[in-house]
Protein chains: 2
Amino acid sequence: MRIEILNTGTELLLGNTLNTHGAWLGRELLPMGLRVARQTTVPDGPAIRESLSEILARADVLIATGGLGPTSDDITRELTAEALGLELDQDPAARRSIEAFFAIRNRPMAEANLKQALCPVGGEILPNPNGTAPGIYLPPALNPWFPCAVFLLPGPPREMMPMFHAEVAPRLRVLSGIGNPPDCVSLKFAGIGESDFHDGIDARLAAIPELEFGYCAHIGEVDLRLIGTPDAILAAREIVSARFGDYLVSSDGSSLEETVVRLLTESRLTLATAESCTGGMISNRLTNVPGSSAVFTHGFVTYANEAKTTMLDVPARLIGENGAVSEPVALAMADGALARSGADLAVAVTGIAGPSGGTPEKPAGTAWLALARKGASTRAWRVFQPRNRLDFKLGISQTALDAVRKSLCGIP
Amino acid sequence: MRIEILNTGTELLLGNTLNTHGAWLGRELLPMGLRVARQTTVPDGPAIRESLSEILARADVLIATGGLGPTSDDITRELTAEALGLELDQDPAARRSIEAFFAIRNRPMAEANLKQALCPVGGEILPNPNGTAPGIYLPPALNPWFPCAVFLLPGPPREMMPMFHAEVAPRLRVLSGIGNPPDCVSLKFAGIGESDFHDGIDARLAAIPELEFGYCAHIGEVDLRLIGTPDAILAAREIVSARFGDYLVSSDGSSLEETVVRLLTESRLTLATAESCTGGMISNRLTNVPGSSAVFTHGFVTYANEAKTTMLDVPARLIGENGAVSEPVALAMADGALARSGADLAVAVTGIAGPSGGTPEKPAGTAWLALARKGASTRAWRVFQPRNRLDFKLGISQTALDAVRKSLCGIP
């Protein structure tokens, strides 16, 4: 089944707005066993016409986003009807829903909004609980010359995504005759690189029948995607776990910080952070997770040396003798954070993000990390990640959070 | 001049990798007075063929990215030559450059890499200082049936972007006969919304001849894009400054945190932060800016109530009587951060990010902010931003940083 995506929107081609629809739809279709054959972006307005007619002649399914709004350059609905030779008719339910949207918000409805209740004859209105523009589904039988199923979806992601799940995905399953779509699992690893997989288990995974797999490397993280029959995925997971189990962060798409918050919650432990070079990125990532307030209590962002002394009781002499980026200072920061916060664990980082501030002995990219835990001896280790400033912060925060994960899992 | 972009790469359609090339190229072309007429994404392999021939028949300029690598599915070079009826020839300089790339890194060169030295006859090799795949430029005169200028660029952004600046942009200027491209200025505002502009100055901007303008709204921020003659832009800036000058963050693309760090540096003042609901996002944003270590000294992430007391000397009684999200607590946090850090300014935030934790009197989305400054009285104010957790954090951090900006600029 050939699926094409058409994204309309001048802002996407001017570069003001990043087009995330293509990637998102690709990710959603994959576990259904479906692929995108082509993705096209055109500006709002009549340029949509030529793309539409080409795709209708070529594809089995067209998913178009955008151009369903109330203004004059929102003409996807009209041009699609024209290309398929269909009349437009006002849908009474769609009209009531649009009127209700404004009534609930106590706002007057412009006459222009009523054009959003128009639907090509033979099509179905797809409800939009998150906005005024309903979607439209046109079954493939409406025009014998273009037997292409058409989904017209609103442009804003927070309207498009729920509509895809509620209205598009079920219809695609019927259209494609998916019986048992292949399972799809994404395993997230931290602390090892893509090449470790290539060297370690690539050949063994490739030998599993009916398994498709692929890697996606991020900073401090590798995702392994497994697609296939349940047996094939089980066989793959056994190989991977035996070799790299200690590095496995999640198999349900959870981020490292979500995993750390879950582990802390389950073990009823609390965490404090002491950050110099990451400047609050670790605490920011932790507090992105709902429920983190129960387990993350204190964050010390000690960017200045003097802050390390006053906030964490790191002796000024220690910094003077060893430098702020050193094993003794990292250890003292972690111990100080543990003592000051009363938390069960504390992780500390101190390093040189760059671009300036490096020396031949401690070039930009150098960092010392330390982990303190009640009743255990504090340990520190050095890492070297020469990257641009933001990637360095991300990489070091990843290493720090992964050390907390391993400690909570009892992994040495 | 009709410009089309063709992005090749299976990973872009599977959704593993976000296609940022389209948006980036759109942003780069705009100040040259050029627009993208269509952007197409296809998987690696033969699917490229059909798209290529369609675009060659339609466009004046084709910019294609990806598919120039050494492996068997990298066939953009070969298919483009085929579509234009051109032979491929090995370019001696390109061959030497590829051999040198491996020699410098002391790595053996695979025979497959030599295919990257192939160039259609009549084309020009575009050097790639950042990778092994050189780019290719094919002038429009090579095939009389398809008078389309073709740029083949490597897929990785860190190779494609420098090549665009060094090799593509100068040729596009010649091809398009750009004499004086229109000026392009982007003004960034905080603390007002897009509708303030619509109601306030839209009509006056629209009356300026030879001016094109547009808005792009983000959380807590609006970008106003001005394109036109220097006189038109000057006239627009005068109207905007007179009305909204206090809200102007930058006119050179600088972010709010970059502006705050610059203002602190220029006035030789230091800043401390006291964050509850934003959980370190403010300090994280500040420390993303190179040079921030000279002006940002202490960050207190007091997520737990007890942390507000021990780290910032907020009396426990004050929290008990008023709740953690209250005016007295916000004031005490800011004062405590100022006193503990010795910084010149301190900004404090305390709020309810949600999804849980809200009450009828203080629903999720409520926050109290406070700003303390040496020698001035500390002031606090309430905001209500009912959003999802991450957008709430971003919105509140935006409000906090903007309060610092206004204080540094002497804006009440």
# chains A, B, ... in the order shown; residues from 1 in each chain; ligands from 1

$ interface_residues --of "chain A" --to "chain B" --cutoff "6 Å" --atoms "only C-alpha atoms" --output "number ranges by chain"
A: 13-15, 18, 23-24, 26-27, 36, 38-42, 279-281, 283-284, 287, 297-304, 307

$ write_last_selection --atoms "C-alpha atoms" --output "JSON list (two decimals), in the first residue's frame"
[["chain", "number", "residue", "atom", "x", "y", "z"],
["A", 13, "LEU", "CA", 9.09, 26.32, 3.62],
["A", 14, "LEU", "CA", 10.15, 29.69, 5.03],
["A", 15, "GLY", "CA", 11.81, 27.74, 7.82],
["A", 18, "LEU", "CA", 10.04, 22.77, 11.62],
["A", 23, "ALA", "CA", 8.66, 12.10, 11.02],
["A", 24, "TRP", "CA", 5.80, 11.66, 13.48],
["A", 26, "GLY", "CA", 6.43, 7.75, 9.84],
["A", 27, "ARG", "CA", 6.98, 6.59, 13.41],
["A", 36, "VAL", "CA", 5.71, 6.38, 3.80],
["A", 38, "ARG", "CA", 7.00, 10.05, -0.29],
["A", 39, "GLN", "CA", 6.54, 13.23, 1.71],
["A", 40, "THR", "CA", 5.92, 16.57, 0.00],
["A", 41, "THR", "CA", 5.71, 20.09, 1.42],
["A", 42, "VAL", "CA", 4.08, 22.92, -0.53],
["A", 279, "GLY", "CA", 24.21, 24.31, 35.09],
["A", 280, "GLY", "CA", 20.85, 22.84, 36.08],
["A", 281, "MET", "CA", 20.27, 20.56, 33.09],
["A", 283, "SER", "CA", 17.53, 18.93, 37.63],
["A", 284, "ASN", "CA", 15.65, 20.38, 34.67],
["A", 287, "THR", "CA", 11.63, 17.87, 36.92],
["A", 297, "THR", "CA", 14.23, 17.38, 46.60],
["A", 298, "HIS", "CA", 17.29, 19.64, 46.31],
["A", 299, "GLY", "CA", 19.26, 20.91, 43.31],
["A", 300, "PHE", "CA", 22.47, 22.85, 43.93],
["A", 301, "VAL", "CA", 23.67, 24.73, 40.85],
["A", 302, "THR", "CA", 27.10, 25.81, 42.04],
["A", 303, "TYR", "CA", 28.43, 27.54, 38.98],
["A", 304, "ALA", "CA", 30.87, 29.81, 40.83],
["A", 307, "ALA", "CA", 28.97, 28.72, 45.50]]

$ select_by_dssp --residues "segment 28-175 of chain A" --states "alpha helix (DSSP H)" --output "ChimeraX atom specification"
/A:28-29,47-58,76-84,92-104,157-163,169-175

$ write_last_selection --atoms "C-alpha atoms" --output "compact mmCIF listing (two decimals), in the first residue's frame"
# COMPACT_ATOMS: atom_id res chain seq x y z
CA GLU A 28 3.26 5.90 13.94
CA LEU A 29 2.86 3.97 10.69
CA ALA A 47 0.49 25.33 -5.33
CA ILE A 48 -1.37 22.58 -3.49
CA ARG A 49 -3.34 21.80 -6.65
CA GLU A 50 -0.51 20.35 -8.74
CA SER A 51 0.83 18.22 -5.89
CA LEU A 52 -2.62 16.91 -5.06
CA SER A 53 -3.40 15.68 -8.55
CA GLU A 54 0.00 14.00 -8.87
CA ILE A 55 -0.37 12.17 -5.58
CA LEU A 56 -3.98 11.12 -6.24
CA ALA A 57 -2.80 9.47 -9.47
CA ARG A 58 0.06 7.68 -7.77
CA THR A 76 -6.99 22.09 0.85
CA ARG A 77 -10.63 21.02 1.31
CA GLU A 78 -11.78 22.88 -1.79
CA LEU A 79 -8.90 21.75 -4.03
CA THR A 80 -9.27 18.11 -3.00
CA ALA A 81 -12.97 18.17 -3.86
CA GLU A 82 -12.14 19.78 -7.19
CA ALA A 83 -9.42 17.23 -8.02
CA LEU A 84 -11.79 14.34 -7.30
CA PRO A 92 -24.86 19.75 9.96
CA ALA A 93 -23.00 17.93 12.75
CA ALA A 94 -19.75 19.68 11.85
CA ARG A 95 -21.56 23.03 11.89
CA ARG A 96 -23.01 22.38 15.34
CA SER A 97 -19.61 21.31 16.63
CA ILE A 98 -17.92 24.49 15.37
CA GLU A 99 -20.68 26.66 16.83
CA ALA A 100 -20.33 24.83 20.15
CA PHE A 101 -16.54 25.36 20.16
CA PHE A 102 -17.07 29.13 20.17
CA ALA A 103 -20.09 29.08 22.48
CA ILE A 104 -18.18 27.20 25.20
CA PRO A 157 0.20 18.93 15.92
CA ARG A 158 -1.98 18.92 19.03
CA GLU A 159 -5.05 18.60 16.79
CA MET A 160 -3.55 16.33 14.13
CA MET A 161 -1.99 13.72 16.43
CA PRO A 162 -5.10 12.75 18.45
CA MET A 163 -7.14 12.70 15.22
CA ALA A 169 -5.17 4.56 12.28
CA PRO A 170 -8.31 2.37 12.59
CA ARG A 171 -9.30 3.10 8.96
CA LEU A 172 -5.76 2.40 7.74
CA ARG A 173 -5.87 -1.00 9.45
CA VAL A 174 -9.01 -1.86 7.51
CA LEU A 175 -7.70 -0.44 4.22

$ atom_distance --atom1 "atom CA of Leu205 of chain B" --atom2 "atom CA of Val249 of chain B"
19.7 Å

$ select_by_dssp --residues "segment 16-244 of chain A" --states "strand (DSSP E or B)" --output "JSON, numbers by chain"
{"A": [36, 37, 38, 39, 40, 41, 42, 61, 62, 63, 64, 65, 88, 89, 90, 118, 119, 120, 124, 125, 126, 135, 136, 137, 138, 149, 150, 151, 152, 153, 183, 184, 185, 186, 187, 188, 189, 190, 211, 212, 213, 214, 215, 216, 217, 218, 221, 222, 223, 224, 225, 226, 227, 228]}

$ residues_around --residues "segment 379-387 of chain B" --least-positions-apart "3" --cutoff "7 Å" --atoms "only C-alpha atoms" --output "PDB file with C-alpha atoms, in the first residue's frame"
ATOM      1  CA  GLU B 327       3.540  35.890  47.532  1.00  0.00           C
ATOM      2  CA  ALA B 330       8.256  33.943  46.547  1.00  0.00           C
ATOM      3  CA  LEU B 331       9.533  37.137  48.214  1.00  0.00           C
ATOM      4  CA  ALA B 364      -2.174  23.877  38.129  1.00  0.00           C
ATOM      5  CA  GLY B 365      -0.609  26.650  36.081  1.00  0.00           C
ATOM      6  CA  THR B 366      -0.440  29.105  38.979  1.00  0.00           C
ATOM      7  CA  ALA B 367       2.940  30.594  39.876  1.00  0.00           C
ATOM      8  CA  TRP B 368       4.349  33.389  42.009  1.00  0.00           C
ATOM      9  CA  LEU B 369       7.535  35.109  40.851  1.00  0.00           C
ATOM     10  CA  ALA B 370       9.750  37.546  42.714  1.00  0.00           C
ATOM     11  CA  LEU B 371      12.704  39.728  41.811  1.00  0.00           C
ATOM     12  CA  ALA B 372      15.207  40.985  44.387  1.00  0.00           C
ATOM     13  CA  ASP B 391       5.322  24.340  28.268  1.00  0.00           C
ATOM     14  CA  PHE B 392       4.457  25.669  31.742  1.00  0.00           C
TER      15      PHE B 392
END

$ atom_distance --atom1 "atom CA of Val347 of chain B" --atom2 "atom CA of Ala334 of chain B"
5.6 Å
